[in-house]
Amino acid sequence: MESTMSNSVSNGVVAEIITSDVKKKVGLNPRNGFVSMGGLLNNLKPKIVSGDFGYILEDVPHMSDYIHHLPSSTNPLQYNPAYSVVKQYFVDHDDSVAEKIVVHKNSSRGMHFRRAGPRQRVYFKSDEVRACIVTCGGLCPGLNTVIREIVCGLHHMYDVKAVLGIVGGYRGFYSKNTISLTPKVVNDIHKRGGTILGTSRGGHDTKKIVDNIEDRGINQVYIIGGDGTQKGAAVIFEEIRRRGLKVAVAGIPKTIDNDIPVIDKSFGFDTAVEEAQRAINAAHVEATSIENGIGLVKLMGRNSGFIAMYATLASRDVDCCLIPESPFYLEGPGGLFEYIEKRLKENGHMVIVIAEGAGQELLSESLHSTDQQDASGNKLLQDVGLWISQRIKDHFSKRSKMAINLKYIDLMYMIRAVPGNASDNVYCTLLAQSAVHGAMAGYTGFTVGPVNGRHAYIPFHRIIEKQHKVVITDRMWARLLSSTNQPSFLSTKDVIEAGKTENLLNC
Ligand SMILES: Nc1ncnc2c1ncn2[C@@H]1O[C@H](COP(=O)(O)OP(=O)(O)OP(=O)(O)O)[C@@H](O)[C@H]1O
Ligand SMILES: O=P(O)(O)OC[C@H]1O[C@](O)(CO)[C@@H](O)[C@@H]1O
Ligand SMILES: [Mg+2]
């Protein structure tokens with residue numbers, strides 16, 4: 001077994017010798033050591049530090065990696081009356097968060113990320129900071145809370161006064177005026193849904209964005225958005241590093257679908273699940289009030305069915321949950337129609353929850369398949385809710401003698417336009433503060449997020465290399481199946497395939 005060596009570790013500067021074994025383990029191209037992102041090789045060379053018993057730290061970049069003799073100063077937080085009393089307020093330079101916490105007696109210590117939080121030394125003077133915040137991609141409950149807490153965190157913890165809001169997503173950097181964000185301006189915004197800055201898809205022009213960052217004298221960039229946004233943030237960071245600018249780039253992961261890997265869950269997800277309960281309840285009331293009533297609720301979830309799965313588990317009124325990860329079929333033994341008939345005969349009603357990305361392969365078979373994309377290149381999905389409603393109605397009117405009453409509730413946008421709930425608001429505060437502490441401490445090219453309950457700084461490439469999906473051979477999906485009693489719709493071949501995917505995801 002080859003070993004790894006870290007030559008020096010000081011102030012986040014790591015010179016590393018990484019063997020091909022470790023390169024493979026951390027997802028690098030074994031020949032050149034570069035990160036492989038979506039088939040593209042880029043120049044992001046991960047900072048790997050190894051320790052005893054198979055300990056690996058996948059560190060995040062620091063501005064001092066490419067700007068030499070970068071001055072630092074004592075963290076002003078230690079003079080802040082609110083924080084100065086906290087014992088061990090500063091995070092130890094060596095603190096890290098384990099990626100996997102279920103281990104065996106003889107297993108190696110495995111992969112770790114740098115623990116988030118305030119550091120003893122900062123690399124920006126308060127009056128030198130000119131920060132900006134941008135929100136990109138779809139809406140998500142809690143966006144305004146993150147904006148609020150970045151502004152207030154910078155202001156109250158680090159006495160930073162200059163914070164700009166970039167309007168309308170990435171393209172706003174070069175096509176719109178900025179707005180000035182102060183604690184007063186953002187005071188109430190967490191009570192509102194959406195984002196006060198506006199958002200957009202597409203329009204990511206790296207050169208124009210970084211030119212604009214330079215022209216405006218911005219030196220901290222806070223980027224809130226999903227997987228696409230974090231890919232955009234990674235290339236902005238690379239360009240900034242290429243130009244040698246003293247600019248920290250921090251990503252805050254946002255996705256209502258909970259499809260971002262590594263982190264425990266994304267903000268807004270809990271609120272969305274809670275919001276879905278009201279619609280599932282309405283569907284249940286409708287279904288139980290009429291003979292052979294079927295309540296069908298469509299929820300968001302383009303490639304990942306977490307919202308549908310958790311909303312189903314939370315509600316207990318759902319008889320069938322259909323998600324993108326679990327293929328299903330309509331006709332014949334073991335199919336959806338047979339199950340609906342059985343359920344209606346048993347209970348006289350049923351509730352179906354469907355994620356927007358479920359059954360897309362069935363839709364393309366029966367409808368004219370379109371390959372349309374949104375401005376960011378995401379595939380535009382056909383409306384599976386309308387389609388399946390019609391198929392169920394057709395089936396029961398033509399082929400079965402059972403008269404059904406189907407009510408379709410399309411909840412898509414209802415669950416994401418609301419403000420964050422209490423727990424999401426607290427979560428958003430931690431994310432925002434972690435991002436602020438990281439940027440002030442000179443870290444850059446990172447995303448913040450909880451890993452096994454502890455907030456960590458995660459290199460961009462780990463967030464964007466794959467999507468987090470429901471694993472249908474996992475215990476959570478089994479819990480769902482046993483709660484709804486729906487058929488798994490899986491053949492042995494499907495189970496083997498799902499197992500292979502899971503192994504790939506875990507390796
Ligand atoms: N590979 C990429 N490189 C650079 N920019 C990208 C990339 N992918 C997406 N972006 C940019 O990121 C922004 C948001 O992307 P997208 O619309 O896919 O939403 P998202 O961040 O994935 O959020 P969500 O999917 O949760 O709505 C867009 O402005 C888009 O141009
Ligand atoms: O906002 P748009 O462009 O309609 O996109 C909707 C998509 O955004 C998401 O909410 C992700 O942010 C998906 O669940 C959904 O498919
Ligand atoms: Mg996305």
# chains A, B, ... in the order shown; residues from 1 in each chain; ligands from 1
>>> residues_around(residues="segment 404-415 of chain A", least_positions_apart="2", cutoff="9 Å", atoms="only C-alpha atoms", output="PyMOL selection string")
chain A and resi 139-141+256+271-276+279-280+282-283+286-287+290-301+344+355-356+385-386+389+392-393+396-397+402+417-418
>>> closest_atom_pairs(of="chain A", to="ligand 1", cutoff="6 Å", atoms="only C-alpha atoms and all ligand atoms", output="Markdown table")
| residue | atom | partner | partner_atom_place_in_ligand_line | distance |
| --- | --- | --- | --- | --- |
| A:Cys136 | CA | ligand 1 | 14 (C) | 4.9 |
| A:Gly137 | CA | ligand 1 | 19 (O) | 3.4 |
| A:Gly138 | CA | ligand 1 | 27 (O) | 3.5 |
| A:Tyr170 | CA | ligand 1 | 29 (O) | 5.2 |
| A:Ser200 | CA | ligand 1 | 29 (O) | 5.9 |
| A:Arg201 | CA | ligand 1 | 28 (C) | 4.1 |
| A:Gly202 | CA | ligand 1 | 31 (O) | 3.2 |
| A:Gly203 | CA | ligand 1 | 31 (O) | 4.9 |
| A:His204 | CA | ligand 1 | 31 (O) | 4.3 |
| A:Gly225 | CA | ligand 1 | 21 (O) | 4.4 |
| A:Gly226 | CA | ligand 1 | 21 (O) | 3.2 |
| A:Asp227 | CA | ligand 1 | 22 (O) | 4.1 |
| A:Gly228 | CA | ligand 1 | 9 (C) | 3.4 |
| A:Thr229 | CA | ligand 1 | 12 (O) | 3.5 |
| A:Lys231 | CA | ligand 1 | 2 (C) | 4.7 |
| A:Gly232 | CA | ligand 1 | 5 (N) | 3.4 |
| A:Thr255 | CA | ligand 1 | 26 (O) | 3.9 |
| A:Ser376 | CA | ligand 1 | 30 (C) | 4.5 |
>>> closest_residue(among="A:Leu381, A:Val470, A:Val163, A:Ile56", to="Arg109 of chain A", atoms="only C-alpha atoms")
A:Ile56
>>> atom_distance(atom1="atom CA of His62 of chain A", atom2="atom CA of Val86 of chain A")
26.1 Å
>>> residues_around(residues="segment 435-443 of chain A", least_positions_apart="3", cutoff="7 Å", atoms="only C-alpha atoms", output="PyMOL selection string")
chain A and resi 60-63+116-119+121-124+150+153-154+220+248+250+431-432+448
>>> write_last_selection(atoms="C-alpha atoms", output="PDB file, in the first residue's frame")
ATOM      1  CA  VAL A  60     -10.047  24.021   0.877  1.00  0.00           C
ATOM      2  CA  PRO A  61      -7.887  26.619  -0.849  1.00  0.00           C
ATOM      3  CA  HIS A  62      -6.565  29.613   1.050  1.00  0.00           C
ATOM      4  CA  MET A  63      -5.680  32.948  -0.545  1.00  0.00           C
ATOM      5  CA  ALA A 116     -16.026  25.720   9.780  1.00  0.00           C
ATOM      6  CA  GLY A 117     -15.936  28.597  12.247  1.00  0.00           C
ATOM      7  CA  PRO A 118     -13.986  31.664  13.340  1.00  0.00           C
ATOM      8  CA  ARG A 119     -10.191  31.595  13.303  1.00  0.00           C
ATOM      9  CA  ARG A 121      -6.320  35.301  12.560  1.00  0.00           C
ATOM     10  CA  VAL A 122      -8.128  37.071   9.770  1.00  0.00           C
ATOM     11  CA  TYR A 123      -6.768  38.070   6.376  1.00  0.00           C
ATOM     12  CA  PHE A 124      -8.963  41.102   5.825  1.00  0.00           C
ATOM     13  CA  ILE A 150     -24.340  37.336   5.802  1.00  0.00           C
ATOM     14  CA  GLY A 153     -22.702  38.608  10.398  1.00  0.00           C
ATOM     15  CA  LEU A 154     -20.230  40.762   8.481  1.00  0.00           C
ATOM     16  CA  GLN A 220     -15.469  38.740  -0.821  1.00  0.00           C
ATOM     17  CA  ALA A 248     -12.423  35.120  -1.297  1.00  0.00           C
ATOM     18  CA  ALA A 250     -17.634  31.317  -0.680  1.00  0.00           C
ATOM     19  CA  LEU A 431     -24.467  28.618   7.059  1.00  0.00           C
ATOM     20  CA  ALA A 432     -24.150  32.360   6.604  1.00  0.00           C
ATOM     21  CA  VAL A 448     -20.144  25.541   3.610  1.00  0.00           C
TER      22      VAL A 448
END
>>> closest_residue(among="A:Val210, A:Leu490, A:Ile472, A:Val49", to="Gly334 of chain A", atoms="only C-alpha atoms")
A:Leu490
>>> atom_distance(atom1="atom CA of Asp127 of chain A", atom2="atom CA of Phe446 of chain A")
23.4 Å
>>> residues_around(residues="Leu430 of chain A", least_positions_apart="2", cutoff="9 Å", atoms="only C-alpha atoms", output="PyMOL selection string")
chain A and resi 146+149+425-428+432-435+449+455
>>> closest_residue(among="A:Glu238, A:Asn187, A:Asn75, A:Gly172", to="Asp159 of chain A", atoms="only C-alpha atoms")
A:Asn75
>>> select_by_dssp(residues="segment 122-355 of chain A", states="strand (DSSP E)", output="PyMOL selection string")
chain A and resi 122+130-135+162-165+179-180+220-225+248-253+293-299+320-322+349-355
>>> closest_residue(among="A:Leu143, A:Ile260, A:Cys321, A:Ala234", to="ligand 3", atoms="only C-alpha atoms and all ligand atoms")
A:Ile260
>>> residues_around(residues="Ser175 of chain A", least_positions_apart="3", cutoff="10 Å", atoms="only C-alpha atoms", output="mmCIF file with C-alpha atoms, in the first residue's frame")
data_model
loop_
_atom_site.group_PDB
_atom_site.id
_atom_site.type_symbol
_atom_site.label_atom_id
_atom_site.label_comp_id
_atom_site.auth_asym_id
_atom_site.auth_seq_id
_atom_site.Cartn_x
_atom_site.Cartn_y
_atom_site.Cartn_z
ATOM 1 C CA ILE A 166 -25.916 41.629 -7.037
ATOM 2 C CA VAL A 167 -29.323 41.781 -8.646
ATOM 3 C CA GLY A 168 -30.796 38.960 -10.724
ATOM 4 C CA TYR A 170 -24.922 35.769 -12.259
ATOM 5 C CA ARG A 171 -25.851 37.983 -15.171
ATOM 6 C CA GLY A 172 -26.545 40.795 -12.690
ATOM 7 C CA THR A 178 -25.921 46.695 -7.358
ATOM 8 C CA GLY A 203 -26.024 34.128 -18.092
ATOM 9 C CA LYS A 208 -17.391 39.457 -17.473
ATOM 10 C CA ILE A 209 -18.222 38.462 -13.902
ATOM 11 C CA ASN A 212 -16.829 43.235 -12.772
#
>>> select_by_dssp(residues="segment 335-393 of chain A", states="alpha helix (DSSP H)", output="PyMOL selection string")
chain A and resi 336-347+360-366+384-393
>>> closest_residue(among="A:Pro261, A:Gly420, A:Gly445, A:Pro487", to="ligand 3", atoms="only C-alpha atoms and all ligand atoms")
A:Pro261
>>> closest_residue(among="A:Arg316, A:His395, A:Lys87, A:Arg302", to="ligand 3", atoms="only C-alpha atoms and all ligand atoms")
A:Arg302
>>> residues_around(residues="Thr484 of chain A", least_positions_apart="4", cutoff="9 Å", atoms="only C-alpha atoms", output="NGL selection string")
:A and (312-313 or 316-321 or 479-480)
>>> decode(residues="segment 196-307 of chain A", atoms="C-alpha atoms", output="mmCIF file, in the first residue's frame")
data_model
loop_
_atom_site.group_PDB
_atom_site.id
_atom_site.type_symbol
_atom_site.label_atom_id
_atom_site.label_comp_id
_atom_site.auth_asym_id
_atom_site.auth_seq_id
_atom_site.Cartn_x
_atom_site.Cartn_y
_atom_site.Cartn_z
ATOM 1 C CA ILE A 196 -34.809 40.256 -2.379
ATOM 2 C CA LEU A 197 -31.926 40.171 -4.859
ATOM 3 C CA GLY A 198 -33.805 38.296 -7.564
ATOM 4 C CA THR A 199 -32.378 35.258 -9.309
ATOM 5 C CA SER A 200 -31.933 33.819 -12.787
ATOM 6 C CA ARG A 201 -30.791 30.834 -14.778
ATOM 7 C CA GLY A 202 -28.102 31.019 -17.486
ATOM 8 C CA GLY A 203 -26.024 34.128 -18.092
ATOM 9 C CA HIS A 204 -22.831 32.872 -16.487
ATOM 10 C CA ASP A 205 -20.008 34.674 -18.264
ATOM 11 C CA THR A 206 -16.903 34.067 -16.173
ATOM 12 C CA LYS A 207 -14.743 36.763 -17.729
ATOM 13 C CA LYS A 208 -17.391 39.457 -17.473
ATOM 14 C CA ILE A 209 -18.222 38.462 -13.902
ATOM 15 C CA VAL A 210 -14.608 38.523 -12.709
ATOM 16 C CA ASP A 211 -13.890 41.757 -14.624
ATOM 17 C CA ASN A 212 -16.829 43.235 -12.772
ATOM 18 C CA ILE A 213 -15.610 41.944 -9.411
ATOM 19 C CA GLU A 214 -12.264 43.621 -10.102
ATOM 20 C CA ASP A 215 -13.804 46.860 -11.375
ATOM 21 C CA ARG A 216 -16.019 47.230 -8.331
ATOM 22 C CA GLY A 217 -13.197 46.436 -5.941
ATOM 23 C CA ILE A 218 -15.102 43.473 -4.488
ATOM 24 C CA ASN A 219 -12.935 41.172 -2.348
ATOM 25 C CA GLN A 220 -15.469 38.740 -0.821
ATOM 26 C CA VAL A 221 -18.017 37.004 -3.023
ATOM 27 C CA TYR A 222 -20.871 35.063 -1.391
ATOM 28 C CA ILE A 223 -22.664 32.869 -3.909
ATOM 29 C CA ILE A 224 -25.942 31.226 -2.899
ATOM 30 C CA GLY A 225 -27.296 28.550 -5.216
ATOM 31 C CA GLY A 226 -27.637 24.924 -6.228
ATOM 32 C CA ASP A 227 -25.332 22.547 -8.076
ATOM 33 C CA GLY A 228 -25.263 24.710 -11.222
ATOM 34 C CA THR A 229 -24.489 27.806 -9.178
ATOM 35 C CA GLN A 230 -21.666 26.044 -7.318
ATOM 36 C CA LYS A 231 -20.183 24.970 -10.683
ATOM 37 C CA GLY A 232 -20.307 28.614 -11.678
ATOM 38 C CA ALA A 233 -18.694 29.598 -8.373
ATOM 39 C CA ALA A 234 -15.893 27.088 -8.962
ATOM 40 C CA VAL A 235 -14.974 28.637 -12.308
ATOM 41 C CA ILE A 236 -15.197 32.165 -10.883
ATOM 42 C CA PHE A 237 -12.805 31.086 -8.124
ATOM 43 C CA GLU A 238 -10.423 29.536 -10.651
ATOM 44 C CA GLU A 239 -10.370 32.725 -12.709
ATOM 45 C CA ILE A 240 -9.801 34.831 -9.598
ATOM 46 C CA ARG A 241 -6.938 32.604 -8.587
ATOM 47 C CA ARG A 242 -5.516 32.701 -12.115
ATOM 48 C CA ARG A 243 -5.522 36.497 -11.948
ATOM 49 C CA GLY A 244 -3.937 36.368 -8.470
ATOM 50 C CA LEU A 245 -6.668 38.534 -6.897
ATOM 51 C CA LYS A 246 -7.168 38.886 -3.169
ATOM 52 C CA VAL A 247 -10.799 37.847 -3.401
ATOM 53 C CA ALA A 248 -12.423 35.120 -1.297
ATOM 54 C CA VAL A 249 -15.171 33.088 -2.984
ATOM 55 C CA ALA A 250 -17.634 31.317 -0.680
ATOM 56 C CA GLY A 251 -20.531 29.163 -1.830
ATOM 57 C CA ILE A 252 -23.667 28.566 0.213
ATOM 58 C CA PRO A 253 -25.482 25.496 -1.101
ATOM 59 C CA LYS A 254 -29.146 26.034 -1.903
ATOM 60 C CA THR A 255 -31.479 23.473 -3.365
ATOM 61 C CA ILE A 256 -35.004 22.669 -2.438
ATOM 62 C CA ASP A 257 -34.547 19.222 -4.008
ATOM 63 C CA ASN A 258 -31.822 18.345 -1.459
ATOM 64 C CA ASP A 259 -29.735 17.047 -4.356
ATOM 65 C CA ILE A 260 -26.348 18.358 -3.185
ATOM 66 C CA PRO A 261 -23.964 15.623 -2.018
ATOM 67 C CA VAL A 262 -21.706 15.552 1.054
ATOM 68 C CA ILE A 263 -23.814 17.924 3.189
ATOM 69 C CA ASP A 264 -26.452 16.518 5.543
ATOM 70 C CA LYS A 265 -29.298 18.410 3.907
ATOM 71 C CA SER A 266 -29.885 21.686 2.197
ATOM 72 C CA PHE A 267 -31.698 24.667 3.690
ATOM 73 C CA GLY A 268 -35.340 25.101 2.700
ATOM 74 C CA PHE A 269 -35.840 21.365 2.442
ATOM 75 C CA ASP A 270 -37.551 21.045 5.840
ATOM 76 C CA THR A 271 -39.818 23.984 5.074
ATOM 77 C CA ALA A 272 -40.759 22.447 1.720
ATOM 78 C CA VAL A 273 -41.600 19.113 3.355
ATOM 79 C CA GLU A 274 -43.696 20.905 5.961
ATOM 80 C CA GLU A 275 -45.496 22.947 3.325
ATOM 81 C CA ALA A 276 -46.251 19.766 1.379
ATOM 82 C CA GLN A 277 -48.121 18.393 4.399
ATOM 83 C CA ARG A 278 -50.916 20.891 3.926
ATOM 84 C CA ALA A 279 -51.520 19.781 0.341
ATOM 85 C CA ILE A 280 -51.278 16.090 1.176
ATOM 86 C CA ASN A 281 -53.787 16.678 3.919
ATOM 87 C CA ALA A 282 -56.112 18.474 1.477
ATOM 88 C CA ALA A 283 -55.721 15.620 -1.001
ATOM 89 C CA HIS A 284 -56.565 13.164 1.760
ATOM 90 C CA VAL A 285 -59.669 15.103 2.827
ATOM 91 C CA GLU A 286 -60.852 15.295 -0.787
ATOM 92 C CA ALA A 287 -60.192 11.616 -1.391
ATOM 93 C CA THR A 288 -61.929 10.426 1.761
ATOM 94 C CA SER A 289 -64.998 12.584 1.121
ATOM 95 C CA ILE A 290 -66.034 10.903 -2.092
ATOM 96 C CA GLU A 291 -66.427 7.342 -3.284
ATOM 97 C CA ASN A 292 -63.265 5.925 -4.800
ATOM 98 C CA GLY A 293 -61.546 9.247 -4.322
ATOM 99 C CA ILE A 294 -57.945 9.598 -5.439
ATOM 100 C CA GLY A 295 -55.901 12.590 -4.313
ATOM 101 C CA LEU A 296 -52.817 13.126 -6.459
ATOM 102 C CA VAL A 297 -50.166 15.609 -5.314
ATOM 103 C CA LYS A 298 -47.230 16.647 -7.473
ATOM 104 C CA LEU A 299 -44.145 17.939 -5.657
ATOM 105 C CA MET A 300 -40.783 19.263 -6.788
ATOM 106 C CA GLY A 301 -37.856 16.950 -7.310
ATOM 107 C CA ARG A 302 -36.251 17.058 -10.706
ATOM 108 C CA ASN A 303 -33.699 14.263 -10.345
ATOM 109 C CA SER A 304 -33.963 13.510 -6.624
ATOM 110 C CA GLY A 305 -37.144 12.461 -4.856
ATOM 111 C CA PHE A 306 -36.285 13.541 -1.302
ATOM 112 C CA ILE A 307 -39.155 16.014 -0.919
#
